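Trainee: Just work26.csv, nothing more (CSV, C-alpha atoms):
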```
chain,number,residue,atom,x,y,z
A,59,MET,CA,123.3,97.2,89.1
A,60,GLN,CA,121.0,94.2,89.1
A,61,ASN,CA,123.7,92.2,90.7
A,62,ASN,CA,124.1,94.8,93.5
A,63,VAL,CA,120.4,94.6,94.2
A,64,ALA,CA,120.5,90.8,94.3
A,65,LYS,CA,123.5,90.9,96.7
A,66,PHE,CA,121.7,93.3,99.0
A,67,GLU,CA,118.6,91.2,99.0
A,68,SER,CA,120.6,88.1,99.8
A,69,ILE,CA,122.4,89.8,102.6
A,70,PHE,CA,119.2,91.2,104.0
A,71,ARG,CA,117.5,87.8,104.0
A,72,SER,CA,120.5,86.1,105.6
A,73,ALA,CA,121.0,88.8,108.3
A,74,THR,CA,117.3,89.1,109.2
A,75,PRO,CA,117.2,86.1,111.6
A,76,LEU,CA,120.4,87.1,113.2
A,77,PHE,CA,119.1,90.7,113.7
A,78,LEU,CA,115.8,89.5,115.2
A,79,LEU,CA,117.6,87.1,117.5
A,80,GLY,CA,119.9,89.9,118.6
A,81,LEU,CA,116.9,92.1,119.3
A,82,LEU,CA,115.3,89.3,121.3
A,83,LEU,CA,118.5,88.8,123.3
A,84,ALA,CA,118.8,92.6,123.9
A,85,VAL,CA,115.3,92.8,125.3
A,86,PHE,CA,115.7,89.6,127.4
A,87,PHE,CA,119.1,90.5,128.8
A,88,GLU,CA,118.3,94.2,129.2
A,89,PRO,CA,119.5,94.6,132.8
A,90,TRP,CA,123.0,93.2,131.9
A,91,LEU,CA,123.5,95.3,128.7
A,92,PRO,CA,126.7,97.5,128.7
A,93,PHE,CA,125.9,101.1,129.6
A,94,HIS,CA,122.5,100.0,131.0
A,95,ALA,CA,122.5,102.5,133.8
A,96,TRP,CA,123.5,105.4,131.5
A,97,MET,CA,120.8,104.5,129.0
A,98,VAL,CA,118.2,104.4,131.7
A,99,ASP,CA,119.3,107.7,133.2
A,100,SER,CA,119.5,109.4,129.8
A,101,PHE,CA,116.5,107.9,128.0
A,102,GLY,CA,114.2,106.4,130.6
A,103,ASP,CA,113.4,102.9,132.0
A,104,ASP,CA,111.9,101.5,128.8
A,105,ILE,CA,114.5,102.6,126.3
A,106,VAL,CA,115.4,99.1,125.1
A,107,LEU,CA,111.7,98.3,124.6
A,108,LYS,CA,111.2,101.5,122.6
A,109,VAL,CA,114.3,100.8,120.4
A,110,ALA,CA,113.0,97.2,119.8
A,111,VAL,CA,109.6,98.4,118.8
A,112,LEU,CA,111.1,101.0,116.5
A,113,PHE,CA,113.2,98.4,114.7
A,114,LEU,CA,110.3,95.9,114.5
A,115,ILE,CA,108.0,98.6,113.0
A,116,SER,CA,110.7,99.6,110.5
A,117,TYR,CA,111.2,96.0,109.5
A,118,VAL,CA,107.4,95.5,109.0
A,119,LEU,CA,107.4,98.6,106.8
A,120,LEU,CA,110.3,97.2,104.7
A,121,LEU,CA,108.4,93.9,104.3
A,122,TRP,CA,105.2,95.7,103.3
A,123,GLY,CA,107.1,97.7,100.7
A,124,GLU,CA,108.7,94.5,99.4
A,125,SER,CA,105.4,92.8,99.1
A,126,LEU,CA,103.9,95.7,97.1
A,127,ARG,CA,106.9,95.6,94.8
A,128,LEU,CA,106.6,91.9,94.3
A,129,GLN,CA,102.9,92.1,93.7
A,130,GLY,CA,103.4,94.7,91.1
A,131,MET,CA,106.0,92.6,89.3
A,132,LEU,CA,103.9,89.5,89.4
A,133,THR,CA,100.8,91.4,88.2
A,134,GLY,CA,102.9,92.8,85.3
A,135,LEU,CA,104.1,89.3,84.5
A,136,LEU,CA,100.6,87.9,84.4
A,137,GLN,CA,99.4,90.8,82.4
A,138,ALA,CA,102.2,90.3,79.9
A,139,PHE,CA,101.3,86.7,79.4
A,140,LYS,CA,97.7,87.5,79.1
A,141,THR,CA,98.5,90.0,76.5
A,142,PHE,CA,100.8,87.6,74.7
A,143,ASP,CA,98.0,84.9,74.6
A,144,HIS,CA,95.6,87.5,73.3
A,145,ASP,CA,98.0,88.6,70.6
A,146,ARG,CA,98.7,85.0,69.7
A,147,ALA,CA,95.0,84.3,69.4
A,148,SER,CA,94.6,87.4,67.2
A,149,GLU,CA,97.5,86.3,64.9
A,150,ALA,CA,96.0,82.8,64.6
A,151,GLY,CA,92.6,84.3,63.8
A,152,GLY,CA,94.1,86.6,61.1
A,153,GLY,CA,94.3,89.7,63.2
A,154,GLY,CA,98.0,90.1,62.4
A,155,LYS,CA,98.9,92.2,65.4
A,156,ASN,CA,102.6,92.9,66.0
A,157,ARG,CA,104.0,91.0,68.9
A,158,GLY,CA,105.3,94.1,70.8
A,159,THR,CA,102.6,96.6,70.3
A,160,SER,CA,100.0,95.7,73.0
A,161,ASN,CA,101.6,96.5,76.3
A,162,PRO,CA,105.4,97.0,76.1
A,163,LYS,CA,105.7,98.1,79.7
A,164,ALA,CA,104.1,94.9,81.0
A,165,ARG,CA,106.3,92.8,78.6
A,166,LEU,CA,109.4,94.5,80.0
A,167,GLU,CA,108.3,93.9,83.6
A,168,ALA,CA,107.6,90.2,82.8
A,169,ALA,CA,111.0,89.9,81.1
A,170,LYS,CA,112.7,91.4,84.1
A,171,LEU,CA,111.2,88.7,86.3
A,172,LEU,CA,112.2,86.0,83.9
A,173,VAL,CA,115.7,87.3,83.5
A,174,ALA,CA,116.1,87.4,87.3
A,175,ALA,CA,114.8,83.8,87.5
A,176,MET,CA,117.4,82.7,85.0
A,177,ARG,CA,120.1,83.5,87.6
A,178,SER,CA,118.7,80.7,89.7
A,179,GLY,CA,120.9,77.6,90.4
A,180,ASP,CA,118.0,75.3,89.5
A,181,ALA,CA,118.3,74.0,85.9
A,182,SER,CA,114.5,73.6,85.5
A,183,ILE,CA,113.8,77.2,86.5
A,184,ILE,CA,116.5,78.4,84.0
A,185,GLU,CA,114.9,76.3,81.2
A,186,THR,CA,111.4,77.4,81.9
A,187,SER,CA,112.4,81.1,82.2
A,188,HIS,CA,114.3,80.9,79.0
A,189,HIS,CA,111.4,79.2,77.2
A,190,ASN,CA,109.0,81.9,78.4
A,191,LEU,CA,111.4,84.7,77.5
A,192,VAL,CA,111.7,83.4,74.0
A,193,ARG,CA,107.9,83.2,73.7
A,194,LEU,CA,107.4,86.6,75.3
A,195,VAL,CA,109.8,88.6,73.2
A,196,GLY,CA,110.0,86.6,70.0
A,197,GLN,CA,113.7,86.1,69.9
A,198,ASP,CA,116.2,83.8,71.4
A,199,LEU,CA,119.3,85.2,73.1
A,200,GLY,CA,120.3,81.9,74.7
A,201,LYS,CA,120.4,81.1,78.4
A,202,ASP,CA,122.9,83.7,79.5
A,203,PRO,CA,121.1,86.1,81.8
A,204,ASP,CA,123.7,88.9,81.0
A,205,LYS,CA,122.7,88.9,77.3
A,206,TRP,CA,119.1,89.2,78.3
A,207,GLN,CA,120.0,91.9,80.8
A,208,GLN,CA,121.6,93.9,78.0
A,209,TRP,CA,118.6,93.4,75.8
A,210,LEU,CA,116.4,94.7,78.7
A,211,ALA,CA,118.7,97.8,79.0
A,212,THR,CA,118.3,98.6,75.3
A,213,GLN,CA,114.6,98.1,75.5
A,214,GLU,CA,114.3,100.4,78.5
A,215,GLY,CA,116.4,103.0,76.7
A,216,ARG,CA,113.9,103.4,73.9
```
Take the structure in this file and express it as structure tokens.
Mentor:
Amino acid sequence: MQNNVAKFESIFRSATPLFLLGLLLAVFFEPWLPFHAWMVDSFGDDIVLKVAVLFLISYVLLLWGESLRLQGMLTGLLQAFKTFDHDRASEAGGGGKNRGTSNPKARLEAAKLLVAAMRSGDASIIETSHHNLVRLVGQDLGKDPDKWQQWLATQEGR
């Protein structure tokens, strides 16, 4: 499922400039559009403008939702690392807290981001993500993101 989401996001990012360029051309070349006379008679003189505004507002709402999703994920990642550092300081000070007890939901959200980053083509991103995943969860499953994805599925199933 994660691969399907990544594919959709990739297609969405690639198609966005083409869609916006098409919208610009439709507004600019409105008088020469096919079925222009029928559209004007059926829907009014400003139908192309109304459709363009509708699509642009929809796109802005999609971007807003995506920014909220990313903000939540990054906040979870930062919270997980903050909790991890706090737990580590407690362990060093003799507190003896268990690694996974503080905020498991934040740890899972952070792990999801790091697993997604491991699918990058950049070797330094893969290495850094792997290092941080090992630190965050306390075990090493290697650099294969599919193994980490399976681990995430088992953790979410609990």
Trainee: Using all atoms listed in the file, which protein or nucleic acid residues come within 8 Å of range 202-207 of chain A? Drop anything in the same chain fewer than 5 positions from it, and give the result as an mmCIF file with C-alpha atoms, in the frame of the given file.
Mentor:
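Below is the file that was written, part07.cif:
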```
data_model
loop_
_atom_site.group_PDB
_atom_site.id
_atom_site.type_symbol
_atom_site.label_atom_id
_atom_site.label_comp_id
_atom_site.auth_asym_id
_atom_site.auth_seq_id
_atom_site.Cartn_x
_atom_site.Cartn_y
_atom_site.Cartn_z
ATOM 1 C CA VAL A 173 115.700 87.300 83.500
ATOM 2 C CA ALA A 174 116.100 87.400 87.300
ATOM 3 C CA MET A 176 117.400 82.700 85.000
ATOM 4 C CA ARG A 177 120.100 83.500 87.600
#
```
Trainee: Can you pull out every residue within 10 Å of Tyr117 in chain A, counting only C-alpha atoms, but drop anything in the same chain fewer than 6 positions away, and send it as a ChimeraX atom specification?
Mentor: /A:74,78,111,123
Trainee: With all atoms listed in the file as the counted atoms, please give the residues lying no more than 12 Å from Phe70 in chain A, apart from itself and same-chain residues fewer than 5 positions off, as a JSON list (two decimals) with C-alpha atoms, in the coordinates of the input.
Mentor:
```json
[["chain", "number", "residue", "atom", "x", "y", "z"],
["A", 63, "VAL", "CA", 120.40, 94.60, 94.20],
["A", 64, "ALA", "CA", 120.50, 90.80, 94.30],
["A", 65, "LYS", "CA", 123.50, 90.90, 96.70],
["A", 75, "PRO", "CA", 117.20, 86.10, 111.60],
["A", 76, "LEU", "CA", 120.40, 87.10, 113.20],
["A", 77, "PHE", "CA", 119.10, 90.70, 113.70],
["A", 78, "LEU", "CA", 115.80, 89.50, 115.20],
["A", 117, "TYR", "CA", 111.20, 96.00, 109.50],
["A", 120, "LEU", "CA", 110.30, 97.20, 104.70],
["A", 121, "LEU", "CA", 108.40, 93.90, 104.30],
["A", 124, "GLU", "CA", 108.70, 94.50, 99.40]]
```
Trainee: Please compute the CA of Arg165 in chain A-CA of Ile69 in chain A distance, one decimal, in Å.
Mentor: 29.1 Å
Trainee: When distances are computed from only C-alpha atoms, which of A:Ala84, A:Pro92, A:Met131, A:Leu119 shows the smallest separation from Val106 in chain A?
Mentor: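 Smallest distance to Val106 in chain A is found for A:Ala84.
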Trainee: One decimal, in Å: what's the spacing between CA of His144 in chain A and CA of His189 in chain A?
Mentor: 18.3 Å
Trainee: Can we get range 64-97 of chain A of that structure written down with N, CA and C atoms, as a compact mmCIF listing (two decimals), in the first residue's frame?
Mentor:
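Final file, decode-v3.txt:
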```txt
# COMPACT_ATOMS: atom_id res chain seq x y z
N ALA A 64 3.11 6.18 -2.71
CA ALA A 64 4.30 6.84 -3.26
C ALA A 64 4.15 7.05 -4.77
N LYS A 65 3.60 6.07 -5.46
CA LYS A 65 3.39 6.22 -6.91
C LYS A 65 2.40 7.33 -7.20
N PHE A 66 1.31 7.38 -6.43
CA PHE A 66 0.31 8.43 -6.63
C PHE A 66 0.93 9.80 -6.39
N GLU A 67 1.70 9.94 -5.31
CA GLU A 67 2.33 11.22 -5.01
C GLU A 67 3.31 11.62 -6.11
N SER A 68 4.03 10.66 -6.64
CA SER A 68 4.98 10.94 -7.72
C SER A 68 4.25 11.40 -8.98
N ILE A 69 3.18 10.72 -9.33
CA ILE A 69 2.39 11.11 -10.51
C ILE A 69 1.76 12.48 -10.30
N PHE A 70 1.26 12.73 -9.10
CA PHE A 70 0.63 14.01 -8.78
C PHE A 70 1.64 15.14 -8.94
N ARG A 71 2.86 14.94 -8.41
CA ARG A 71 3.89 15.98 -8.52
C ARG A 71 4.32 16.19 -9.97
N SER A 72 4.40 15.12 -10.73
CA SER A 72 4.82 15.23 -12.13
C SER A 72 3.73 15.87 -12.99
N ALA A 73 2.49 15.56 -12.72
CA ALA A 73 1.39 16.05 -13.56
C ALA A 73 0.96 17.47 -13.20
N THR A 74 1.29 17.94 -12.03
CA THR A 74 0.84 19.26 -11.59
C THR A 74 1.26 20.37 -12.54
N PRO A 75 2.53 20.47 -12.93
CA PRO A 75 2.88 21.57 -13.84
C PRO A 75 2.15 21.46 -15.19
N LEU A 76 1.98 20.25 -15.67
CA LEU A 76 1.27 20.07 -16.94
C LEU A 76 -0.19 20.48 -16.82
N PHE A 77 -0.81 20.11 -15.71
CA PHE A 77 -2.21 20.48 -15.47
C PHE A 77 -2.36 21.99 -15.40
N LEU A 78 -1.47 22.64 -14.64
CA LEU A 78 -1.56 24.09 -14.50
C LEU A 78 -1.29 24.80 -15.82
N LEU A 79 -0.36 24.28 -16.61
CA LEU A 79 -0.10 24.85 -17.93
C LEU A 79 -1.31 24.68 -18.83
N GLY A 80 -1.94 23.51 -18.79
CA GLY A 80 -3.16 23.28 -19.56
C GLY A 80 -4.27 24.23 -19.16
N LEU A 81 -4.40 24.46 -17.86
CA LEU A 81 -5.42 25.39 -17.37
C LEU A 81 -5.14 26.80 -17.86
N LEU A 82 -3.88 27.20 -17.84
CA LEU A 82 -3.51 28.52 -18.33
C LEU A 82 -3.82 28.65 -19.82
N LEU A 83 -3.49 27.63 -20.59
CA LEU A 83 -3.77 27.66 -22.03
C LEU A 83 -5.27 27.69 -22.31
N ALA A 84 -6.05 26.96 -21.52
CA ALA A 84 -7.50 26.96 -21.71
C ALA A 84 -8.08 28.35 -21.46
N VAL A 85 -7.59 29.04 -20.44
CA VAL A 85 -8.09 30.39 -20.15
C VAL A 85 -7.63 31.35 -21.24
N PHE A 86 -6.39 31.22 -21.66
CA PHE A 86 -5.84 32.14 -22.66
C PHE A 86 -6.50 31.95 -24.04
N PHE A 87 -6.68 30.70 -24.43
CA PHE A 87 -7.25 30.41 -25.74
C PHE A 87 -8.74 30.07 -25.68
N GLU A 88 -9.43 30.64 -24.71
CA GLU A 88 -10.84 30.35 -24.51
C GLU A 88 -11.70 30.52 -25.76
N PRO A 89 -11.55 31.59 -26.51
CA PRO A 89 -12.42 31.76 -27.68
C PRO A 89 -12.25 30.67 -28.75
N TRP A 90 -11.11 29.99 -28.75
CA TRP A 90 -10.85 28.99 -29.77
C TRP A 90 -11.02 27.55 -29.26
N LEU A 91 -11.53 27.42 -28.05
CA LEU A 91 -11.75 26.07 -27.51
C LEU A 91 -12.85 25.35 -28.29
N PRO A 92 -12.72 24.03 -28.42
CA PRO A 92 -13.81 23.28 -29.06
C PRO A 92 -15.10 23.43 -28.23
N PHE A 93 -16.19 23.52 -28.89
CA PHE A 93 -17.51 23.65 -28.26
C PHE A 93 -17.66 24.94 -27.45
N HIS A 94 -16.89 25.97 -27.80
CA HIS A 94 -16.95 27.23 -27.06
C HIS A 94 -18.35 27.84 -27.11
N ALA A 95 -18.95 27.88 -28.27
CA ALA A 95 -20.28 28.48 -28.41
C ALA A 95 -21.32 27.73 -27.58
N TRP A 96 -21.23 26.39 -27.60
CA TRP A 96 -22.17 25.59 -26.81
C TRP A 96 -21.98 25.84 -25.30
N MET A 97 -20.72 25.89 -24.85
CA MET A 97 -20.44 26.12 -23.42
C MET A 97 -20.97 27.49 -22.99
```
